[in-house]
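Participant: Handing over query-v1.cif, mmCIF, N, CA and C atoms and all ligand atoms.
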data_structure
#
loop_
_atom_site.label_atom_id
_atom_site.label_comp_id
_atom_site.auth_asym_id
_atom_site.auth_seq_id
_atom_site.Cartn_x
_atom_site.Cartn_y
_atom_site.Cartn_z
N MET A 1 -58.82 93.42 103.71
CA MET A 1 -58.70 93.21 102.25
C MET A 1 -58.96 94.51 101.51
N GLY A 2 -58.13 94.78 100.54
CA GLY A 2 -58.30 96.00 99.76
C GLY A 2 -58.21 95.73 98.28
N TYR A 3 -57.79 96.76 97.59
CA TYR A 3 -57.69 96.70 96.14
C TYR A 3 -56.72 95.63 95.66
N GLU A 4 -55.59 95.48 96.37
CA GLU A 4 -54.58 94.49 95.99
C GLU A 4 -55.16 93.07 96.04
N ALA A 5 -55.92 92.79 97.10
CA ALA A 5 -56.52 91.47 97.26
C ALA A 5 -57.49 91.19 96.11
N LEU A 6 -58.25 92.20 95.72
CA LEU A 6 -59.20 92.06 94.62
C LEU A 6 -58.48 91.71 93.32
N VAL A 7 -57.40 92.46 93.04
CA VAL A 7 -56.63 92.22 91.82
C VAL A 7 -56.03 90.82 91.82
N VAL A 8 -55.48 90.42 92.96
CA VAL A 8 -54.85 89.10 93.07
C VAL A 8 -55.89 87.99 92.88
N LEU A 9 -57.05 88.14 93.52
CA LEU A 9 -58.11 87.12 93.41
C LEU A 9 -58.64 87.01 91.99
N ILE A 10 -58.83 88.15 91.32
CA ILE A 10 -59.31 88.12 89.93
C ILE A 10 -58.25 87.48 89.04
N PHE A 11 -56.99 87.80 89.30
CA PHE A 11 -55.90 87.21 88.53
C PHE A 11 -55.89 85.69 88.69
N ILE A 12 -56.03 85.22 89.92
CA ILE A 12 -56.04 83.77 90.19
C ILE A 12 -57.24 83.12 89.52
N ALA A 13 -58.40 83.77 89.60
CA ALA A 13 -59.62 83.22 89.00
C ALA A 13 -59.45 83.08 87.48
N CYS A 14 -58.85 84.10 86.86
CA CYS A 14 -58.61 84.06 85.41
C CYS A 14 -57.60 82.96 85.06
N LEU A 15 -56.57 82.85 85.89
CA LEU A 15 -55.53 81.85 85.67
C LEU A 15 -56.12 80.44 85.76
N PHE A 16 -56.87 80.17 86.83
CA PHE A 16 -57.50 78.86 87.03
C PHE A 16 -58.51 78.60 85.91
N GLY A 17 -59.30 79.62 85.60
CA GLY A 17 -60.28 79.48 84.52
C GLY A 17 -59.59 79.11 83.22
N GLY A 18 -58.45 79.73 82.98
CA GLY A 18 -57.67 79.44 81.78
C GLY A 18 -57.15 78.02 81.76
N VAL A 19 -56.71 77.55 82.94
CA VAL A 19 -56.20 76.17 83.04
C VAL A 19 -57.33 75.17 82.81
N TYR A 20 -58.51 75.43 83.40
CA TYR A 20 -59.67 74.54 83.21
C TYR A 20 -60.07 74.53 81.73
N TRP A 21 -60.08 75.71 81.12
CA TRP A 21 -60.45 75.83 79.72
C TRP A 21 -59.45 75.07 78.84
N TYR A 22 -58.16 75.26 79.15
CA TYR A 22 -57.12 74.62 78.34
C TYR A 22 -57.16 73.10 78.48
N ALA A 23 -57.50 72.60 79.68
CA ALA A 23 -57.62 71.16 79.89
C ALA A 23 -58.68 70.59 78.94
N GLY A 24 -59.83 71.27 78.87
CA GLY A 24 -60.90 70.83 77.97
C GLY A 24 -60.51 70.98 76.52
N TYR A 25 -59.88 72.10 76.20
CA TYR A 25 -59.48 72.37 74.81
C TYR A 25 -58.46 71.36 74.30
N SER A 26 -57.42 71.10 75.12
CA SER A 26 -56.34 70.22 74.67
C SER A 26 -56.82 68.77 74.54
N THR A 27 -57.79 68.36 75.38
CA THR A 27 -58.28 66.99 75.29
C THR A 27 -59.26 66.84 74.13
N LYS A 28 -60.08 67.87 73.90
CA LYS A 28 -61.07 67.81 72.81
C LYS A 28 -60.39 67.83 71.44
N THR A 29 -59.29 68.59 71.34
CA THR A 29 -58.59 68.66 70.07
C THR A 29 -57.64 67.47 69.89
N GLY A 30 -57.45 66.69 70.96
CA GLY A 30 -56.62 65.50 70.86
C GLY A 30 -55.13 65.76 71.03
N SER A 31 -54.76 66.98 71.43
CA SER A 31 -53.34 67.28 71.61
C SER A 31 -52.82 66.75 72.94
N ALA A 32 -53.75 66.37 73.85
CA ALA A 32 -53.34 65.75 75.11
C ALA A 32 -54.03 64.40 75.24
N VAL A 33 -53.32 63.43 75.84
CA VAL A 33 -53.88 62.09 76.01
C VAL A 33 -54.96 62.12 77.09
N ASP A 34 -56.15 61.59 76.75
CA ASP A 34 -57.26 61.56 77.70
C ASP A 34 -58.02 60.26 77.54
N GLU A 35 -57.39 59.17 78.01
CA GLU A 35 -57.96 57.83 77.79
C GLU A 35 -59.26 57.60 78.55
N ASN A 36 -59.42 58.24 79.72
CA ASN A 36 -60.66 58.03 80.47
C ASN A 36 -61.73 59.07 80.10
N GLN A 37 -61.43 59.89 79.12
CA GLN A 37 -62.40 60.81 78.50
C GLN A 37 -63.19 61.67 79.48
N ASN A 38 -62.47 62.28 80.41
CA ASN A 38 -63.14 63.21 81.32
C ASN A 38 -62.70 64.65 81.05
N PHE A 39 -62.08 64.85 79.89
CA PHE A 39 -61.64 66.16 79.42
C PHE A 39 -60.57 66.79 80.31
N ILE A 40 -59.81 65.95 80.98
CA ILE A 40 -58.65 66.39 81.75
C ILE A 40 -57.46 65.59 81.23
N PRO A 41 -56.39 66.25 80.79
CA PRO A 41 -55.22 65.50 80.31
C PRO A 41 -54.76 64.52 81.39
N ASP A 42 -54.58 63.24 81.00
CA ASP A 42 -54.24 62.21 81.98
C ASP A 42 -52.92 62.50 82.70
N SER A 43 -51.99 63.18 82.01
CA SER A 43 -50.71 63.50 82.64
C SER A 43 -50.89 64.53 83.76
N TRP A 44 -51.92 65.37 83.66
CA TRP A 44 -52.19 66.36 84.72
C TRP A 44 -52.91 65.70 85.88
N GLU A 45 -53.80 64.75 85.53
CA GLU A 45 -54.64 64.11 86.54
C GLU A 45 -53.82 63.41 87.60
N LYS A 46 -52.67 62.88 87.18
CA LYS A 46 -51.82 62.12 88.08
C LYS A 46 -51.46 62.96 89.30
N ASN A 47 -51.04 64.20 89.06
CA ASN A 47 -50.60 65.06 90.16
C ASN A 47 -51.60 66.13 90.58
N PHE A 48 -52.47 66.53 89.65
CA PHE A 48 -53.36 67.65 89.93
C PHE A 48 -54.84 67.28 89.84
N GLY A 49 -55.12 65.99 90.08
CA GLY A 49 -56.51 65.53 90.04
C GLY A 49 -57.40 66.33 91.00
N TRP A 50 -56.84 66.65 92.18
CA TRP A 50 -57.58 67.41 93.19
C TRP A 50 -57.99 68.78 92.68
N PHE A 51 -57.14 69.35 91.80
CA PHE A 51 -57.39 70.68 91.27
C PHE A 51 -58.65 70.68 90.40
N PHE A 52 -58.90 69.52 89.75
CA PHE A 52 -60.07 69.40 88.88
C PHE A 52 -61.28 68.88 89.63
N SER A 53 -61.06 67.93 90.55
CA SER A 53 -62.20 67.41 91.31
C SER A 53 -62.72 68.49 92.27
N GLY A 54 -61.85 69.42 92.65
CA GLY A 54 -62.26 70.50 93.55
C GLY A 54 -62.65 71.77 92.83
N LYS A 55 -62.84 71.67 91.51
CA LYS A 55 -63.14 72.85 90.69
C LYS A 55 -64.29 73.69 91.24
N GLY A 56 -65.40 73.03 91.57
CA GLY A 56 -66.58 73.75 92.08
C GLY A 56 -66.26 74.53 93.34
N ILE A 57 -65.62 73.87 94.30
CA ILE A 57 -65.28 74.50 95.58
C ILE A 57 -64.27 75.62 95.37
N ILE A 58 -63.24 75.35 94.55
CA ILE A 58 -62.18 76.34 94.31
C ILE A 58 -62.77 77.62 93.71
N MET A 59 -63.60 77.47 92.66
CA MET A 59 -64.19 78.64 92.02
C MET A 59 -65.20 79.33 92.93
N LEU A 60 -65.89 78.55 93.75
CA LEU A 60 -66.84 79.13 94.71
C LEU A 60 -66.11 80.01 95.72
N VAL A 61 -65.03 79.47 96.28
CA VAL A 61 -64.24 80.22 97.27
C VAL A 61 -63.67 81.49 96.64
N LEU A 62 -63.16 81.36 95.40
CA LEU A 62 -62.62 82.53 94.70
C LEU A 62 -63.71 83.56 94.46
N GLY A 63 -64.89 83.08 94.06
CA GLY A 63 -66.02 83.97 93.81
C GLY A 63 -66.43 84.73 95.06
N ILE A 64 -66.49 84.01 96.17
CA ILE A 64 -66.85 84.64 97.45
C ILE A 64 -65.78 85.66 97.83
N GLY A 65 -64.52 85.27 97.66
CA GLY A 65 -63.40 86.17 97.97
C GLY A 65 -63.45 87.43 97.13
N ILE A 66 -63.74 87.27 95.83
CA ILE A 66 -63.83 88.42 94.93
C ILE A 66 -65.00 89.32 95.34
N GLY A 67 -66.12 88.70 95.65
CA GLY A 67 -67.30 89.46 96.09
C GLY A 67 -67.00 90.26 97.35
N TYR A 68 -66.31 89.61 98.28
CA TYR A 68 -65.97 90.23 99.56
C TYR A 68 -65.00 91.38 99.35
N ALA A 69 -63.97 91.14 98.52
CA ALA A 69 -62.96 92.19 98.24
C ALA A 69 -63.60 93.36 97.49
N LEU A 70 -64.49 93.03 96.55
CA LEU A 70 -65.18 94.07 95.77
C LEU A 70 -66.04 94.94 96.69
N ALA A 71 -66.74 94.30 97.62
CA ALA A 71 -67.57 95.03 98.56
C ALA A 71 -66.72 95.97 99.41
N ASN A 72 -65.52 95.51 99.76
CA ASN A 72 -64.61 96.33 100.56
C ASN A 72 -64.09 97.52 99.77
N VAL A 73 -63.78 97.30 98.48
CA VAL A 73 -63.22 98.36 97.64
C VAL A 73 -64.28 99.41 97.34
N ILE A 74 -65.49 98.94 97.00
CA ILE A 74 -66.58 99.87 96.67
C ILE A 74 -67.09 100.58 97.93
N GLY A 75 -67.33 99.76 98.96
CA GLY A 75 -67.93 100.30 100.18
C GLY A 75 -66.96 101.17 100.94
CA CA A 101 -58.38 62.20 81.66
#
Would you encode the structure as structure tokens?
Ligand SMILES: [Ca+2]
Facilitator:
Amino acid sequence: MGYEALVVLIFIACLFGGVYWYAGYSTKTGSAVDENQNFIPDSWEKNFGWFFSGKGIIMLVLGIGIGYALANVIG
């Protein structure tokens, strides 16, 4: 893993973070339907429920990957 891996991982982390943020934003402002009130648009939950239920693991893995890539780039 080198510099490219670090850039890609940070990009993915920002992208996912943006999607998680937008899910909360769109449901709180009422622009997306969220009948079960878990701050995830119900239309996304149908197909991407795993993406939200796995949020902790996904961000943890990305964090570890970024840490590992960063250590490789610096070291
Ligand atoms: Ca919902």
Participant: Neighbours of ligand CA 101 (chain A) within 6.5 Å, counting only N, CA and C atoms and all ligand atoms, as number ranges by chain?
Facilitator: A: 33-43, 45
Participant: For the atom pair atom N of Ile64 (chain A) and atom C of Leu9 (chain A), what is the interatomic distance in Å to one decimal place?
Facilitator: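 So the two atoms, atom N of Ile64 (chain A) and atom C of Leu9 (chain A), lie 9.4 Å apart.
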Participant: For a test of reading the model, state the distance in Å between CA of Phe52 (chain A) and CA of Gly65 (chain A), rounded to one decimal.
Facilitator: 19.4 Å
Participant: Find, counting all atoms listed in the file, the residue in A:Lys28, A:Gly18, A:Ile12, A:Ala23 that gets nearest to Leu62 (chain A).
Facilitator: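 Under the stated criterion, the closest residue is A:Ile12.
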Participant: I want to know what sits within 6.5 Å of region 4-7 of chain A, based on all atoms listed in the file, with residues of the same chain fewer than 5 positions away left out; could you give that as number ranges by chain?
Facilitator: A: 12, 66, 69-70
Participant: Keeping N, CA and C atoms for every residue in the selection just given, could you write it to a file as an mmCIF file, in the frame of the given file?
Facilitator:
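Wrote again-v7.cif, looks like this:
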data_model
loop_
_atom_site.group_PDB
_atom_site.id
_atom_site.type_symbol
_atom_site.label_atom_id
_atom_site.label_comp_id
_atom_site.auth_asym_id
_atom_site.auth_seq_id
_atom_site.Cartn_x
_atom_site.Cartn_y
_atom_site.Cartn_z
ATOM 1 N N ILE A 12 -56.030 85.220 89.920
ATOM 2 C CA ILE A 12 -56.040 83.770 90.190
ATOM 3 C C ILE A 12 -57.240 83.120 89.520
ATOM 4 N N ILE A 66 -63.740 87.270 95.830
ATOM 5 C CA ILE A 66 -63.830 88.420 94.930
ATOM 6 C C ILE A 66 -65.000 89.320 95.340
ATOM 7 N N ALA A 69 -63.970 91.140 98.520
ATOM 8 C CA ALA A 69 -62.960 92.190 98.240
ATOM 9 C C ALA A 69 -63.600 93.360 97.490
ATOM 10 N N LEU A 70 -64.490 93.030 96.550
ATOM 11 C CA LEU A 70 -65.180 94.070 95.770
ATOM 12 C C LEU A 70 -66.040 94.940 96.690
#
Participant: One number please: atom C of Ser31 (chain A) to atom N of Leu60 (chain A), in Å, one decimal.
Facilitator: 27.3 Å
Participant: When you count only C-alpha atoms, which of these residues is closest to Val61 (chain A): A:Tyr22, A:Val73, A:Tyr3, A:Ile10?
Facilitator: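 Under the stated criterion, the closest residue is A:Ile10.
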Participant: Based on DSSP run over this structure's backbone, return all residues of chain A in alpha helix (DSSP H), as a compact mmCIF listing (two decimals) with N, CA and C atoms, keeping the file's coordinate frame.
Facilitator:
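So the final result, stored in result_22.txt, reads:
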# COMPACT_ATOMS: atom_id res chain seq x y z
N TYR A 3 -57.79 96.76 97.59
CA TYR A 3 -57.69 96.70 96.14
C TYR A 3 -56.72 95.63 95.66
N GLU A 4 -55.59 95.48 96.37
CA GLU A 4 -54.58 94.49 95.99
C GLU A 4 -55.16 93.07 96.04
N ALA A 5 -55.92 92.79 97.10
CA ALA A 5 -56.52 91.47 97.26
C ALA A 5 -57.49 91.19 96.11
N LEU A 6 -58.25 92.20 95.72
CA LEU A 6 -59.20 92.06 94.62
C LEU A 6 -58.48 91.71 93.32
N VAL A 7 -57.40 92.46 93.04
CA VAL A 7 -56.63 92.22 91.82
C VAL A 7 -56.03 90.82 91.82
N VAL A 8 -55.48 90.42 92.96
CA VAL A 8 -54.85 89.10 93.07
C VAL A 8 -55.89 87.99 92.88
N LEU A 9 -57.05 88.14 93.52
CA LEU A 9 -58.11 87.12 93.41
C LEU A 9 -58.64 87.01 91.99
N ILE A 10 -58.83 88.15 91.32
CA ILE A 10 -59.31 88.12 89.93
C ILE A 10 -58.25 87.48 89.04
N PHE A 11 -56.99 87.80 89.30
CA PHE A 11 -55.90 87.21 88.53
C PHE A 11 -55.89 85.69 88.69
N ILE A 12 -56.03 85.22 89.92
CA ILE A 12 -56.04 83.77 90.19
C ILE A 12 -57.24 83.12 89.52
N ALA A 13 -58.40 83.77 89.60
CA ALA A 13 -59.62 83.22 89.00
C ALA A 13 -59.45 83.08 87.48
N CYS A 14 -58.85 84.10 86.86
CA CYS A 14 -58.61 84.06 85.41
C CYS A 14 -57.60 82.96 85.06
N LEU A 15 -56.57 82.85 85.89
CA LEU A 15 -55.53 81.85 85.67
C LEU A 15 -56.12 80.44 85.76
N PHE A 16 -56.87 80.17 86.83
CA PHE A 16 -57.50 78.86 87.03
C PHE A 16 -58.51 78.60 85.91
N GLY A 17 -59.30 79.62 85.60
CA GLY A 17 -60.28 79.48 84.52
C GLY A 17 -59.59 79.11 83.22
N GLY A 18 -58.45 79.73 82.98
CA GLY A 18 -57.67 79.44 81.78
C GLY A 18 -57.15 78.02 81.76
N VAL A 19 -56.71 77.55 82.94
CA VAL A 19 -56.20 76.17 83.04
C VAL A 19 -57.33 75.17 82.81
N TYR A 20 -58.51 75.43 83.40
CA TYR A 20 -59.67 74.54 83.21
C TYR A 20 -60.07 74.53 81.73
N TRP A 21 -60.08 75.71 81.12
CA TRP A 21 -60.45 75.83 79.72
C TRP A 21 -59.45 75.07 78.84
N TYR A 22 -58.16 75.26 79.15
CA TYR A 22 -57.12 74.62 78.34
C TYR A 22 -57.16 73.10 78.48
N ALA A 23 -57.50 72.60 79.68
CA ALA A 23 -57.62 71.16 79.89
C ALA A 23 -58.68 70.59 78.94
N GLY A 24 -59.83 71.27 78.87
CA GLY A 24 -60.90 70.83 77.97
C GLY A 24 -60.51 70.98 76.52
N TYR A 25 -59.88 72.10 76.20
CA TYR A 25 -59.48 72.37 74.81
C TYR A 25 -58.46 71.36 74.30
N SER A 26 -57.42 71.10 75.12
CA SER A 26 -56.34 70.22 74.67
C SER A 26 -56.82 68.77 74.54
N THR A 27 -57.79 68.36 75.38
CA THR A 27 -58.28 66.99 75.29
C THR A 27 -59.26 66.84 74.13
N LYS A 28 -60.08 67.87 73.90
CA LYS A 28 -61.07 67.81 72.81
C LYS A 28 -60.39 67.83 71.44
N ASP A 42 -54.58 63.24 81.00
CA ASP A 42 -54.24 62.21 81.98
C ASP A 42 -52.92 62.50 82.70
N SER A 43 -51.99 63.18 82.01
CA SER A 43 -50.71 63.50 82.64
C SER A 43 -50.89 64.53 83.76
N TRP A 44 -51.92 65.37 83.66
CA TRP A 44 -52.19 66.36 84.72
C TRP A 44 -52.91 65.70 85.88
N GLU A 45 -53.80 64.75 85.53
CA GLU A 45 -54.64 64.11 86.54
C GLU A 45 -53.82 63.41 87.60
N LYS A 46 -52.67 62.88 87.18
CA LYS A 46 -51.82 62.12 88.08
C LYS A 46 -51.46 62.96 89.30
N ASN A 47 -51.04 64.20 89.06
CA ASN A 47 -50.60 65.06 90.16
C ASN A 47 -51.60 66.13 90.58
N PHE A 48 -52.47 66.53 89.65
CA PHE A 48 -53.36 67.65 89.93
C PHE A 48 -54.84 67.28 89.84
N GLY A 49 -55.12 65.99 90.08
CA GLY A 49 -56.51 65.53 90.04
C GLY A 49 -57.40 66.33 91.00
N TRP A 50 -56.84 66.65 92.18
CA TRP A 50 -57.58 67.41 93.19
C TRP A 50 -57.99 68.78 92.68
N PHE A 51 -57.14 69.35 91.80
CA PHE A 51 -57.39 70.68 91.27
C PHE A 51 -58.65 70.68 90.40
N PHE A 52 -58.90 69.52 89.75
CA PHE A 52 -60.07 69.40 88.88
C PHE A 52 -61.28 68.88 89.63
N SER A 53 -61.06 67.93 90.55
CA SER A 53 -62.20 67.41 91.31
C SER A 53 -62.72 68.49 92.27
N LYS A 55 -62.84 71.67 91.51
CA LYS A 55 -63.14 72.85 90.69
C LYS A 55 -64.29 73.69 91.24
N GLY A 56 -65.40 73.03 91.57
CA GLY A 56 -66.58 73.75 92.08
C GLY A 56 -66.26 74.53 93.34
N ILE A 57 -65.62 73.87 94.30
CA ILE A 57 -65.28 74.50 95.58
C ILE A 57 -64.27 75.62 95.37
N ILE A 58 -63.24 75.35 94.55
CA ILE A 58 -62.18 76.34 94.31
C ILE A 58 -62.77 77.62 93.71
N MET A 59 -63.60 77.47 92.66
CA MET A 59 -64.19 78.64 92.02
C MET A 59 -65.20 79.33 92.93
N LEU A 60 -65.89 78.55 93.75
CA LEU A 60 -66.84 79.13 94.71
C LEU A 60 -66.11 80.01 95.72
N VAL A 61 -65.03 79.47 96.28
CA VAL A 61 -64.24 80.22 97.27
C VAL A 61 -63.67 81.49 96.64
N LEU A 62 -63.16 81.36 95.40
CA LEU A 62 -62.62 82.53 94.70
C LEU A 62 -63.71 83.56 94.46
N GLY A 63 -64.89 83.08 94.06
CA GLY A 63 -66.02 83.97 93.81
C GLY A 63 -66.43 84.73 95.06
N ILE A 64 -66.49 84.01 96.17
CA ILE A 64 -66.85 84.64 97.45
C ILE A 64 -65.78 85.66 97.83
N GLY A 65 -64.52 85.27 97.66
CA GLY A 65 -63.40 86.17 97.97
C GLY A 65 -63.45 87.43 97.13
N ILE A 66 -63.74 87.27 95.83
CA ILE A 66 -63.83 88.42 94.93
C ILE A 66 -65.00 89.32 95.34
N GLY A 67 -66.12 88.70 95.65
CA GLY A 67 -67.30 89.46 96.09
C GLY A 67 -67.00 90.26 97.35
N TYR A 68 -66.31 89.61 98.28
CA TYR A 68 -65.97 90.23 99.56
C TYR A 68 -65.00 91.38 99.35
N ALA A 69 -63.97 91.14 98.52
CA ALA A 69 -62.96 92.19 98.24
C ALA A 69 -63.60 93.36 97.49
N LEU A 70 -64.49 93.03 96.55
CA LEU A 70 -65.18 94.07 95.77
C LEU A 70 -66.04 94.94 96.69
N ALA A 71 -66.74 94.30 97.62
CA ALA A 71 -67.57 95.03 98.56
C ALA A 71 -66.72 95.97 99.41
N ASN A 72 -65.52 95.51 99.76
CA ASN A 72 -64.61 96.33 100.56
C ASN A 72 -64.09 97.52 99.77
N VAL A 73 -63.78 97.30 98.48
CA VAL A 73 -63.22 98.36 97.64
C VAL A 73 -64.28 99.41 97.34
N ILE A 74 -65.49 98.94 97.00
CA ILE A 74 -66.58 99.87 96.67
C ILE A 74 -67.09 100.58 97.93
Participant: Using only C-alpha atoms, which of A:Trp50, A:Phe11, A:Tyr68, A:Trp44 sits nearest Ser26 (chain A)?
Facilitator: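 Of A:Trp50, A:Phe11, A:Tyr68, A:Trp44, the one nearest Ser26 (chain A), counting only C-alpha atoms, is A:Trp44.
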Participant: In the coordinates of the file, take the point (-62.2, 100.3, 102.4) and a cut-off of 8 Å; then, counting all atoms listed in the file, name each qualifying protein, DNA or RNA residue as a PyMOL selection string.
Facilitator: chain A and resi 1-3+71-75
